[in-house]
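Shown next: final_34.cif, containing mmCIF, C-alpha atoms.
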data_run
loop_
_atom_site.label_atom_id
_atom_site.label_comp_id
_atom_site.auth_asym_id
_atom_site.auth_seq_id
_atom_site.Cartn_x
_atom_site.Cartn_y
_atom_site.Cartn_z
CA MET A 1 52.43 -9.18 114.68
CA ASN A 2 52.60 -9.93 118.42
CA SER A 3 49.45 -11.99 118.48
CA THR A 4 49.69 -15.70 119.11
CA PRO A 5 47.89 -18.11 116.79
CA GLU A 6 45.14 -18.59 119.39
CA GLU A 7 44.34 -14.89 119.52
CA ARG A 8 42.43 -13.41 116.62
CA LEU A 9 41.55 -9.77 116.06
CA SER A 10 38.02 -8.78 115.38
CA ALA A 11 37.11 -7.58 111.91
CA ALA A 12 37.27 -3.93 113.11
CA GLY A 13 40.69 -4.59 114.72
CA GLU A 14 42.06 -6.13 111.52
CA LYS A 15 40.68 -3.21 109.51
CA ARG A 16 42.30 -0.72 111.91
CA ARG A 17 45.62 -2.64 111.81
CA ASP A 18 45.63 -2.54 107.99
CA ALA A 19 44.86 1.21 108.05
CA MET A 20 47.70 1.79 110.52
CA LEU A 21 50.04 -0.17 108.25
CA GLY A 22 49.10 2.03 105.30
CA GLU A 23 49.69 5.20 107.34
CA LEU A 24 53.03 3.87 108.58
CA VAL A 25 54.18 3.04 105.03
CA GLN A 26 53.29 6.61 103.94
CA VAL A 27 55.24 8.14 106.84
CA VAL A 28 58.27 5.92 106.18
CA ASP A 29 58.21 6.77 102.45
CA ARG A 30 57.91 10.52 103.17
CA THR A 31 60.79 10.36 105.67
CA HIS A 32 62.92 8.50 103.12
CA ARG A 33 62.20 11.11 100.41
CA ASN A 34 62.96 13.98 102.82
CA ARG A 35 66.28 12.41 103.79
CA GLN A 36 67.24 11.88 100.15
CA THR A 37 66.35 15.50 99.33
CA ARG A 38 68.28 16.80 102.32
CA ARG A 39 71.36 14.74 101.37
CA ALA A 40 71.20 16.00 97.78
CA LEU A 41 70.91 19.61 98.94
CA VAL A 42 73.82 19.23 101.35
CA ALA A 43 75.95 17.67 98.59
CA ALA A 44 75.06 20.48 96.16
CA ALA A 45 75.72 23.20 98.74
CA SER A 46 79.05 21.58 99.63
CA GLY A 47 80.02 21.48 95.98
CA VAL A 48 79.12 25.15 95.47
CA ALA A 49 81.02 26.13 98.63
CA LEU A 50 84.05 24.10 97.52
CA ILE A 51 84.05 25.78 94.11
CA GLY A 52 83.70 29.20 95.75
CA ILE A 53 86.60 28.52 98.09
CA ALA A 54 88.76 27.20 95.26
CA VAL A 55 88.04 30.26 93.11
CA ASN A 56 88.92 32.62 95.96
CA LEU A 57 92.07 30.76 97.00
CA ILE A 58 93.67 30.29 93.58
CA PRO A 59 96.11 33.19 93.20
CA VAL A 60 95.98 35.30 90.07
CA PRO A 61 99.46 35.53 88.52
CA PRO A 62 100.79 39.10 88.19
CA GLY A 63 100.17 40.61 84.78
CA ASP A 64 96.92 38.72 84.18
CA ALA A 65 94.67 41.21 85.96
CA GLY A 66 93.45 43.09 82.88
CA THR A 67 96.87 43.96 81.42
CA SER A 68 98.09 42.59 78.17
CA ASP A 69 101.63 41.99 76.99
CA ARG A 70 100.56 41.91 73.34
CA MET A 71 101.38 44.61 70.82
CA VAL A 72 98.54 46.82 69.63
CA LEU A 73 97.97 47.71 65.98
CA THR A 74 96.79 51.27 65.49
CA MET A 75 96.26 53.61 62.58
CA PRO A 76 98.17 56.87 63.14
CA SER A 77 96.05 58.85 60.74
CA PRO A 78 92.78 58.32 58.95
CA SER A 79 94.64 58.04 55.66
CA PRO A 80 94.03 54.59 54.14
CA ASP A 81 97.38 54.67 52.21
CA LEU A 82 99.53 54.37 55.36
CA PRO A 83 100.31 50.90 56.71
CA PRO A 84 99.28 50.15 60.31
CA THR A 85 101.98 50.68 62.92
CA VAL A 86 102.78 48.55 65.95
CA THR A 87 102.99 50.31 69.32
CA PRO A 88 103.99 48.64 72.60
CA PRO A 89 101.55 48.73 75.51
CA ALA A 90 101.92 51.58 78.00
CA ALA A 91 104.24 50.97 80.93
CA THR A 92 102.39 50.16 84.11
CA THR A 93 103.42 50.66 87.70
CA PRO A 94 104.18 47.51 89.68
CA ALA A 95 101.26 46.12 91.63
CA CYS A 96 103.40 45.52 94.71
CA ILE A 97 106.36 47.44 96.10
CA THR A 98 108.69 45.70 98.53
CA GLN A 99 110.70 47.83 100.93
CA ARG A 100 113.16 46.53 103.48
CA VAL A 101 113.07 48.17 106.89
CA GLN A 102 116.03 47.95 109.23
CA THR A 103 115.49 47.27 112.91
CA ASP A 104 116.21 50.23 115.18
CA PRO A 105 117.61 49.07 118.54
CA ALA A 106 116.52 52.31 120.27
CA ILE A 107 112.88 52.05 119.17
CA LEU A 108 111.75 50.49 122.44
CA ASP A 109 113.40 53.20 124.50
CA ARG A 110 111.79 55.98 122.45
CA TYR A 111 108.26 54.58 122.62
CA ARG A 112 108.28 52.96 126.06
CA ALA A 113 105.49 54.25 128.29
CA ALA A 114 106.75 56.37 131.11
CA PRO A 115 105.93 54.87 134.52
CA LEU A 116 103.16 56.69 136.33
CA ARG A 117 104.11 57.98 139.77
CA LEU A 118 100.59 58.12 141.20
CA ILE A 119 101.11 55.93 144.24
CA LYS A 120 102.22 57.69 147.39
CA ARG A 121 102.69 55.84 150.67
CA ILE A 122 101.09 57.55 153.66
CA ASP A 123 100.48 56.53 157.26
CA ASP A 124 97.05 55.72 158.75
CA ARG A 125 96.57 59.12 160.39
CA THR A 126 97.28 61.00 157.11
CA LEU A 127 94.87 58.71 155.25
CA LEU A 128 92.04 59.31 157.73
CA GLU A 129 92.67 63.08 157.76
CA THR A 130 92.71 63.24 153.96
CA LEU A 131 89.45 61.28 153.70
CA ALA A 132 87.81 63.50 156.29
CA SER A 133 88.95 66.64 154.44
CA ILE A 134 87.20 65.51 151.24
CA ASN A 135 84.02 64.66 153.19
CA ARG A 136 84.48 60.87 153.03
CA PRO A 137 85.20 59.91 156.64
CA ALA A 138 86.07 56.29 157.37
CA GLY A 139 87.81 54.17 159.97
CA ILE A 140 90.52 51.55 159.60
CA ILE A 141 90.04 47.88 160.51
CA ARG A 142 93.06 45.55 160.75
CA TYR A 143 92.65 41.79 160.82
CA GLY A 144 95.64 39.53 160.29
CA ASP A 145 97.83 41.04 157.57
CA ARG A 146 94.79 42.68 155.89
CA VAL A 147 93.56 46.24 156.24
CA ALA A 148 90.10 47.57 155.30
CA LEU A 149 88.17 50.83 155.57
CA THR A 150 84.87 50.95 157.46
CA HIS A 151 83.03 52.81 154.65
CA PRO A 152 83.37 52.88 150.85
CA VAL A 153 85.34 55.95 149.76
CA ASP A 154 85.89 55.53 146.00
CA ASP A 155 83.71 57.30 143.43
CA GLU A 156 82.40 54.08 141.86
CA SER A 157 81.18 52.65 145.17
CA LEU A 158 79.53 55.94 146.05
CA GLY A 159 77.83 56.14 142.64
CA LEU A 160 79.73 59.29 141.60
CA SER A 161 81.55 57.86 138.58
CA GLN A 162 80.18 58.57 135.13
#

Have the structure of the file written as structure tokens, please.
Amino acid sequence: MNSTPEERLSAAGEKRRDAMLGELVQVVDRTHRNRQTRRALVAAASGVALIGIAVNLIPVPPGDAGTSDRMVLTMPSPSPDLPPTVTPPAATTPACITQRVQTDPAILDRYRAAPLRLIKRIDDRTLLETLASINRPAGIIRYGDRVALTHPVDDESLGLSQ
């Protein structure tokens, strides 16, 4: 291996090296078999999945889903002297009905959501008076073009929302 010709292993070292080689060969063989098995399983699973996809994607032509276009021979009476008669299959309803719908130009106007008029502009004094009347007093702080209240006043911040 890496030993130079001048260096020799002891008898125990050579024995251990040979044992290690045997163990290594076993591990390499086992790994090779596991990889082959895994590749075969992946190939088989891919084949089964491909067949399943193909079966589900191939469309069934109309009329082949259990209906028959052949004539049926029946005996109208139990009398053996009468010849058999031919009767056509029963009429079936179509599997699919196509209906054309015209576009209604006024549909958007009829179903448009009405704008909510919930926002009312009030001045600072009215805001503070209203908050005080519902037992949520607060002050107003202005900094730059921003405005803030000194205390939280909404239900969610106060833990009152459900």

- Task: Would you write out, as an MDAnalysis selection string, every residue that the PyMOL selection byres ((chain A and resi 136) around 10) captures in this file?
- Result: chainID A and resid 128:135 137:138 151:154 158

Those same residues - C-alpha atoms - I'd like them written as a CSV table (one decimal), keeping the file's coordinate frame.
chain,number,residue,atom,x,y,z
A,128,LEU,CA,92.0,59.3,157.7
A,129,GLU,CA,92.7,63.1,157.8
A,130,THR,CA,92.7,63.2,154.0
A,131,LEU,CA,89.4,61.3,153.7
A,132,ALA,CA,87.8,63.5,156.3
A,133,SER,CA,89.0,66.6,154.4
A,134,ILE,CA,87.2,65.5,151.2
A,135,ASN,CA,84.0,64.7,153.2
A,137,PRO,CA,85.2,59.9,156.6
A,138,ALA,CA,86.1,56.3,157.4
A,151,HIS,CA,83.0,52.8,154.6
A,152,PRO,CA,83.4,52.9,150.8
A,153,VAL,CA,85.3,56.0,149.8
A,154,ASP,CA,85.9,55.5,146.0
A,158,LEU,CA,79.5,55.9,146.0

- Query: Interatomic distance between atom CA of Gly159 of chain A and atom CA of Gly139 of chain A?
  - Reply: 20.1 Å

- Query: Hey, can you check how far atom CA of Arg117 of chain A sits from atom CA of Leu149 of chain A?
  - Reply: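 Taking atom CA of Arg117 of chain A and atom CA of Leu149 of chain A, their separation equals 23.6 Å.
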
- Task: Between atom CA of Val55 of chain A and atom CA of Gln36 of chain A, measure the distance and give it in Å to one decimal.
- Result: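 Taking atom CA of Val55 of chain A and atom CA of Gln36 of chain A, their separation equals 28.6 Å.
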